[in-house]
file data_28.cif (mmCIF, C-alpha atoms)
data_work
loop_
_atom_site.label_atom_id
_atom_site.label_comp_id
_atom_site.auth_asym_id
_atom_site.auth_seq_id
_atom_site.Cartn_x
_atom_site.Cartn_y
_atom_site.Cartn_z
CA MET T 1180 13.42 -18.57 0.02
CA PHE T 1181 11.97 -16.63 2.90
CA CYS T 1182 14.40 -13.80 2.35
CA ILE T 1183 13.46 -13.53 -1.32
CA LEU T 1184 9.79 -13.46 -0.42
CA ALA T 1185 10.34 -10.89 2.31
CA VAL T 1186 12.29 -8.61 -0.01
CA VAL T 1187 9.61 -8.91 -2.69
CA ILE T 1188 6.79 -8.24 -0.24
CA LEU T 1189 8.37 -5.30 1.53
CA GLY T 1190 9.76 -3.67 -1.59
CA SER T 1191 6.48 -3.99 -3.41
CA ALA T 1192 4.56 -2.71 -0.40
CA ILE T 1193 6.77 0.36 -0.10
CA MET T 1194 6.46 1.03 -3.81
CA CYS T 1195 2.72 0.50 -3.52
CA VAL T 1196 2.21 3.17 -0.91
CA THR T 1197 4.68 5.68 -2.32
CA THR T 1198 3.98 5.64 -6.03
CA LYS T 1199 1.90 8.45 -7.42
CA ARG T 1200 0.05 6.51 -10.05
CA ILE T 1201 -2.83 4.52 -8.80
CA MET T 1202 -2.56 1.80 -11.42
CA ARG T 1203 1.02 1.08 -10.43
CA ALA T 1204 -0.12 0.87 -6.83
CA ALA T 1205 -2.62 -1.82 -7.84
CA THR T 1206 0.09 -3.71 -9.72
CA PHE T 1207 2.43 -3.63 -6.74
CA LEU T 1208 -0.44 -4.77 -4.55
CA LEU T 1209 -0.66 -7.79 -6.84
CA PHE T 1210 3.01 -8.56 -6.19
CA VAL T 1211 2.48 -8.22 -2.45
CA LEU T 1212 -0.42 -10.66 -2.61
CA PHE T 1213 1.63 -13.19 -4.55
CA GLY T 1214 4.40 -12.84 -1.99
CA VAL T 1215 1.99 -13.49 0.87
CA ALA T 1216 0.71 -16.53 -0.98
CA GLY T 1217 4.33 -17.66 -1.17
CA ILE T 1218 4.60 -17.25 2.60
CA TYR T 1219 1.59 -19.52 3.00
CA PHE T 1220 3.16 -22.10 0.71
CA LEU T 1221 6.32 -21.84 2.78
CA LEU T 1222 4.31 -22.61 5.89
CA ASP T 1223 2.86 -25.65 4.10
CA TYR T 1224 -0.62 -24.23 4.10
CA THR T 1225 -1.08 -24.88 0.43
CA PHE T 1226 -4.84 -24.52 0.52
CA LEU T 1227 -4.48 -21.05 2.00
CA GLY T 1228 -1.98 -20.11 -0.66
CA ALA T 1229 -4.30 -21.28 -3.39
CA ALA T 1230 -7.21 -19.41 -1.84
CA GLN T 1231 -5.08 -16.29 -1.53
CA ILE T 1232 -4.06 -16.43 -5.18
CA SER T 1233 -7.52 -17.17 -6.48
CA ILE T 1234 -9.50 -14.76 -4.32
CA TYR T 1235 -7.09 -11.93 -3.67
CA ALA T 1236 -4.89 -11.90 -6.72
CA GLY T 1237 -7.58 -13.09 -9.06
CA GLY T 1238 -10.69 -11.41 -7.77
CA ILE T 1239 -9.94 -8.41 -5.64
CA THR T 1240 -7.17 -7.02 -7.81
CA MET T 1241 -9.39 -7.28 -10.87
CA MET T 1242 -12.08 -5.40 -8.99
CA TYR T 1243 -9.62 -2.69 -8.02
CA ILE T 1244 -8.46 -2.30 -11.59
CA PHE T 1245 -12.01 -1.99 -12.85
CA ALA T 1246 -12.81 0.53 -10.12
CA ILE T 1247 -9.74 2.57 -11.00
CA GLN T 1248 -10.72 2.59 -14.63
CA LEU T 1249 -14.27 3.57 -13.77
CA VAL T 1250 -13.52 6.26 -11.30
CA SER T 1251 -11.16 8.89 -12.49
CA LYS T 1252 -9.02 9.69 -15.42
CA ARG T 1253 -7.11 12.46 -13.73
CA THR T 1254 -6.09 10.15 -10.94
CA LEU T 1255 -4.93 7.60 -13.47
CA GLN T 1256 -2.48 10.08 -14.84
CA GLY T 1257 -1.33 10.97 -11.36
CA LEU T 1258 -2.34 14.59 -11.68
CA GLU T 1259 -4.63 15.17 -8.80
CA GLU T 1260 -3.04 13.82 -5.70
CA HIS T 1261 -1.11 16.36 -3.70
CA VAL T 1262 0.71 14.78 -0.83
CA LYS T 1263 1.96 17.31 1.63
CA GLY T 1264 5.46 16.90 3.00
CA SER T 1265 4.35 17.43 6.56
CA ARG T 1266 1.79 14.69 6.24
CA VAL T 1267 4.41 12.29 4.89
CA LEU T 1268 6.66 13.19 7.80
CA VAL T 1269 3.89 12.58 10.30
CA GLY T 1270 3.06 9.28 8.64
CA VAL T 1271 6.67 8.09 8.70
CA LEU T 1272 7.03 9.11 12.32
CA ALA T 1273 3.83 7.41 13.41
CA ALA T 1274 4.69 4.24 11.50
CA LEU T 1275 8.21 4.12 12.94
CA ILE T 1276 6.98 4.74 16.48
CA GLY T 1277 4.37 2.02 16.16
CA PHE T 1278 6.83 -0.43 14.64
CA GLY T 1279 9.39 0.32 17.34
CA THR T 1280 6.82 -0.23 20.04
CA VAL T 1281 5.77 -3.55 18.60
CA MET T 1282 9.34 -4.73 18.20
CA ILE T 1283 10.35 -3.63 21.71
CA VAL T 1284 7.38 -5.37 23.27
CA PHE T 1285 8.07 -8.42 21.19
CA PHE T 1286 11.73 -8.78 21.99
CA LYS T 1287 11.55 -7.73 25.62
CA ASN T 1288 9.02 -10.35 26.47
CA GLN T 1289 10.87 -13.32 24.97
CA LEU T 1290 7.49 -14.68 24.13
CA PHE T 1291 8.41 -17.55 21.93
CA ASP T 1292 11.66 -18.86 23.29
CA VAL T 1293 9.98 -21.97 24.54
CA MET T 1294 8.50 -22.95 21.26
CA ALA T 1295 10.85 -21.07 18.99
CA THR T 1296 11.57 -24.20 17.03
CA MET T 1297 9.29 -23.99 14.11
CA THR T 1298 7.91 -27.46 13.67
CA GLU T 1299 8.74 -28.91 10.32
CA GLY T 1300 5.32 -28.66 8.89
CA GLU T 1301 3.48 -31.36 7.13
CA GLU T 1302 0.88 -30.34 4.65
CA VAL T 1303 -2.63 -30.28 6.01
CA PRO T 1304 -4.63 -32.81 4.04
CA MET T 1305 -7.56 -31.60 2.06
CA GLU T 1306 -9.91 -34.08 3.64
CA GLN T 1307 -9.18 -32.75 7.12
CA ILE T 1308 -9.83 -29.18 5.98
CA GLY T 1309 -13.13 -30.15 4.40
CA THR T 1310 -14.42 -32.14 7.35
CA ALA T 1311 -13.39 -29.40 9.79
CA LEU T 1312 -14.98 -26.72 7.65
CA VAL T 1313 -18.43 -28.25 7.64
CA GLY T 1314 -18.18 -30.20 10.89
CA ALA T 1315 -20.62 -29.34 13.64
CA ASP T 1316 -18.79 -30.97 16.54
CA LYS T 1317 -16.15 -29.47 18.80
CA TYR T 1318 -13.56 -28.42 16.27
CA GLY T 1319 -16.03 -27.83 13.50
CA TRP T 1320 -16.50 -24.58 11.70
CA VAL T 1321 -19.92 -24.92 10.16
CA LEU T 1322 -21.38 -21.92 11.98
CA PRO T 1323 -18.85 -19.36 10.68
CA PHE T 1324 -19.10 -21.05 7.31
CA GLU T 1325 -22.84 -20.50 7.16
CA PHE T 1326 -22.47 -17.05 8.63
CA ILE T 1327 -20.01 -15.97 5.98
CA SER T 1328 -22.32 -17.21 3.24
CA ILE T 1329 -25.12 -15.03 4.62
CA PHE T 1330 -22.63 -12.22 4.98
CA LEU T 1331 -21.53 -12.45 1.36
CA LEU T 1332 -25.16 -12.42 0.25
CA ALA T 1333 -25.78 -9.32 2.36
CA CYS T 1334 -22.70 -7.67 0.87
CA ILE T 1335 -23.84 -8.40 -2.68
CA ILE T 1336 -27.25 -6.88 -1.97
CA GLY T 1337 -25.67 -3.93 -0.17
CA GLY T 1338 -23.24 -3.30 -3.00
CA ILE T 1339 -26.06 -3.26 -5.51
CA MET T 1340 -28.11 -0.95 -3.32
CA ILE T 1341 -25.23 1.47 -2.81
CA ALA T 1342 -23.96 1.58 -6.37
CA ARG T 1343 -27.42 1.80 -7.88
CA ASN T 1344 -28.03 4.83 -10.00
CA ARG T 1345 -30.82 6.70 -8.34
CA SER T 1346 -31.66 8.98 -11.21
CA GLU T 1347 -34.38 8.38 -13.76
CA ASN T 1348 -32.49 6.30 -16.22
CA THR T 1349 -32.61 2.77 -14.97
CA LEU T 1350 -30.39 1.64 -17.75
CA ASN T 1351 -27.36 0.65 -15.73
CA LYS T 1352 -29.12 -0.13 -12.52
CA GLY T 1353 -27.16 -2.40 -10.32
CA LYS T 1354 -24.40 -3.03 -12.69
CA GLU T 1355 -21.60 -2.25 -10.32
CA GLY T 1356 -20.94 -3.60 -6.93
CA LYS T 1357 -21.20 -7.21 -7.84
CA GLN T 1358 -18.12 -9.24 -7.82
CA MET Q 1207 14.83 -23.41 9.35
CA ILE Q 1208 13.65 -19.84 9.53
CA PRO Q 1209 13.41 -18.41 13.03
CA VAL Q 1210 9.97 -17.39 14.09
CA GLU Q 1211 10.84 -13.77 14.72
CA CYS Q 1212 11.45 -13.17 11.03
CA TYR Q 1213 7.83 -13.86 10.23
CA PHE Q 1214 6.62 -11.49 12.90
CA ALA Q 1215 9.05 -8.79 11.88
CA LEU Q 1216 7.90 -9.15 8.27
CA SER Q 1217 4.28 -8.98 9.29
CA ALA Q 1218 4.81 -5.95 11.53
CA MET Q 1219 6.67 -4.13 8.78
CA LEU Q 1220 3.92 -4.88 6.29
CA PHE Q 1221 1.33 -3.69 8.79
CA PHE Q 1222 3.06 -0.37 9.36
CA ILE Q 1223 3.74 0.19 5.67
CA GLY Q 1224 0.01 -0.18 5.15
CA PHE Q 1225 -0.61 2.15 8.07
CA PHE Q 1226 1.73 4.72 6.58
CA GLY Q 1227 -0.10 4.50 3.27
CA PHE Q 1228 -3.44 4.88 4.99
CA VAL Q 1229 -2.27 8.02 6.79
CA THR Q 1230 -0.50 9.54 3.83
CA ARG Q 1231 -2.59 8.90 0.74
CA ARG Q 1232 -5.53 11.12 -0.01
CA ASN Q 1233 -7.07 8.99 -2.73
CA LEU Q 1234 -9.88 6.72 -1.67
CA ILE Q 1235 -8.78 3.72 -3.72
CA ALA Q 1236 -5.18 4.11 -2.58
CA MET Q 1237 -6.37 4.12 1.02
CA LEU Q 1238 -8.33 0.96 0.34
CA ILE Q 1239 -5.22 -0.67 -1.12
CA SER Q 1240 -3.34 0.25 2.07
CA VAL Q 1241 -6.06 -1.40 4.11
CA GLU Q 1242 -5.54 -4.55 2.05
CA LEU Q 1243 -1.85 -4.49 3.00
CA VAL Q 1244 -2.79 -4.29 6.68
CA LEU Q 1245 -5.22 -7.18 6.32
CA ASN Q 1246 -2.56 -9.29 4.65
CA ALA Q 1247 -0.15 -8.63 7.49
CA VAL Q 1248 -2.69 -9.82 10.01
CA ASP Q 1249 -3.43 -12.91 7.91
CA ILE Q 1250 0.26 -13.82 7.92
CA ASN Q 1251 0.22 -13.52 11.70
CA PHE Q 1252 -2.74 -15.83 12.03
CA ALA Q 1253 -1.16 -18.50 9.86
CA VAL Q 1254 2.24 -18.29 11.59
CA PHE Q 1255 0.75 -18.44 15.06
CA ASN Q 1256 -1.23 -21.49 14.08
CA ARG Q 1257 1.86 -23.15 12.68
CA ILE Q 1258 3.96 -22.45 15.76
CA LEU Q 1259 1.61 -22.99 18.63
CA TYR Q 1260 -0.85 -25.62 17.49
CA PRO Q 1261 0.39 -27.34 14.35
CA GLY Q 1262 -2.21 -30.06 14.63
CA GLN Q 1263 -5.20 -27.78 14.77
CA LEU Q 1264 -6.70 -25.44 12.29
CA GLU Q 1265 -7.95 -22.35 14.12
CA GLY Q 1266 -5.63 -19.80 12.59
CA PHE Q 1267 -6.01 -21.48 9.23
CA PHE Q 1268 -9.74 -20.96 9.23
CA PHE Q 1269 -9.44 -17.46 10.61
CA THR Q 1270 -7.22 -16.60 7.67
CA LEU Q 1271 -9.61 -18.23 5.26
CA PHE Q 1272 -12.60 -16.37 6.62
CA SER Q 1273 -10.60 -13.16 6.77
CA ILE Q 1274 -9.84 -13.47 3.05
CA GLY Q 1275 -13.53 -13.91 2.33
CA VAL Q 1276 -14.60 -11.04 4.55
CA SER Q 1277 -12.01 -8.71 3.04
CA ALA Q 1278 -13.27 -9.60 -0.44
CA ALA Q 1279 -16.78 -8.61 0.59
CA GLU Q 1280 -15.49 -5.50 2.35
CA SER Q 1281 -13.57 -4.28 -0.67
CA ALA Q 1282 -16.58 -4.94 -2.93
CA VAL Q 1283 -18.82 -2.77 -0.77
CA ALA Q 1284 -16.14 -0.11 -0.38
CA ILE Q 1285 -15.62 0.08 -4.13
CA ALA Q 1286 -19.36 0.42 -4.59
CA ILE Q 1287 -19.32 3.33 -2.13
CA ILE Q 1288 -16.36 4.92 -3.91
CA ILE Q 1289 -18.06 4.65 -7.29
CA ASN Q 1290 -21.14 6.26 -5.82
CA VAL Q 1291 -19.06 9.03 -4.26
CA TYR Q 1292 -17.42 9.66 -7.60
CA ARG Q 1293 -20.79 9.78 -9.27
CA ASN Q 1294 -22.01 12.41 -6.84
CA PHE Q 1295 -18.90 14.52 -6.32
CA LYS Q 1296 -16.96 13.90 -9.53
CA SER Q 1297 -13.84 13.30 -7.52
CA ASP Q 1298 -12.27 10.47 -5.61
CA GLN Q 1299 -10.23 12.43 -3.16
CA VAL Q 1300 -10.92 12.43 0.53
CA ASN Q 1301 -11.17 16.21 0.68
CA SER Q 1302 -14.20 16.19 -1.55
CA ILE Q 1303 -16.45 14.44 0.93
CA GLU Q 1304 -16.05 16.69 3.91
CA ASN Q 1305 -19.77 17.06 4.44
CA MET Q 1306 -21.85 13.95 4.56
CA LYS Q 1307 -25.02 15.39 3.08
CA TRP Q 1308 -25.21 18.07 0.50
#
call {"tool": "encode", "arguments": {"input": "data_28.cif", "output": "structure tokens"}}
result
Amino acid sequence: MFCILAVVILGSAIMCVTTKRIMRAATFLLFVLFGVAGIYFLLDYTFLGAAQISIYAGGITMMYIFAIQLVSKRTLQGLEEHVKGSRVLVGVLAALIGFGTVMIVFFKNQLFDVMATMTEGEEVPMEQIGTALVGADKYGWVLPFEFISIFLLACIIGGIMIARNRSENTLNKGKEGKQ
Amino acid sequence: MIPVECYFALSAMLFFIGFFGFVTRRNLIAMLISVELVLNAVDINFAVFNRILYPGQLEGFFFTLFSIGVSAAESAVAIAIIINVYRNFKSDQVNSIENMKW
């Protein structure tokens, strides 16, 4: 199951960054997000998987598709993007060097030999998640919870302010930017 | 049972594929999509570390949850900026916004 998910994620990610057409890139991003949600389900974090599917795959991908449709027709047809060969080469080299460094550090250090046995996970109950999310005691998360609500409000206002049409016609004022 | 290293290898590969896309692509929305790949790789790492090291606690779980929310807000603001850039420059390539003020 993990191997299937890994193949789906990596193949879709490679297709996503190499395809010319921007709409196909968004579609492959959707597959990557579903694969990552599958990883969360595999780790028995079902709430995270559900949140990933509903927020990422449901919300963000829709927003990307609308943005792609709004922005450019020439990009949709894949006409405008010129990727230079030297830049691709530099990108591949930098990515391979970084990946090699991470893997060397990771396998030289033998970091997880002690606890390499993945504990057979039991699903985290919903009640525990809820009480920890709004709990104010030691392992409570109410402060980040409140902070992220303020943050989302600030982002909504900022999105409206940025995407507002500053010209005279106030017809479509503040129509974009909201999710 | 899957060995732990597989998860980290998967996450590192996803991270560097996103990095490669961010370096290579010259389209603003494509770069944003690559950033989403990188964020997903880091989210996988948070969840796996939580599952390995402290299965009874929920720190990595909540970090992933908040990271999903923050990245939703981030992509909303970034798309607003891109739409505004397109409205001003009639292009969504990186080359078109070399100078900040015109």
call {"tool": "closest_residue", "arguments": {"input": "data_28.cif", "among": "T:Cys1334, T:Leu1227, T:Leu1268, T:Met1340", "to": "Phe1268 (chain Q)", "atoms": "only C-alpha atoms"}}
result
T:Leu1227
call {"tool": "interface_residues", "arguments": {"input": "data_28.cif", "of": "chain Q", "to": "chain T", "cutoff": "8 Å", "atoms": "only C-alpha atoms", "output": "MDAnalysis selection string"}}
result
chainID Q and resid 1207:1210 1215:1216 1218:1220 1222:1227 1229:1233 1235:1236 1239:1240 1243 1246 1250 1253:1254 1257:1259 1261 1264 1267:1268 1270:1272 1274:1276 1278:1283 1285:1287 1289:1290 1292 1297:1299
call {"tool": "atom_distance", "arguments": {"input": "data_28.cif", "atom1": "CA of Phe1221 (chain Q)", "atom2": "CA of Gly1214 (chain T)"}}
result
14.5 Å
call {"tool": "atom_distance", "arguments": {"input": "data_28.cif", "atom1": "CA of Val1244 (chain Q)", "atom2": "CA of Ser1277 (chain Q)"}}
result
10.9 Å
call {"tool": "atom_distance", "arguments": {"input": "data_28.cif", "atom1": "CA of Leu1209 (chain T)", "atom2": "CA of Ala1236 (chain T)"}}
result
5.9 Å
call {"tool": "closest_residue", "arguments": {"input": "data_28.cif", "among": "Q:Phe1269, Q:Phe1255, Q:Phe1295, Q:Phe1228", "to": "Glu1242 (chain Q)", "atoms": "all atoms listed in the file"}}
result
Q:Phe1228
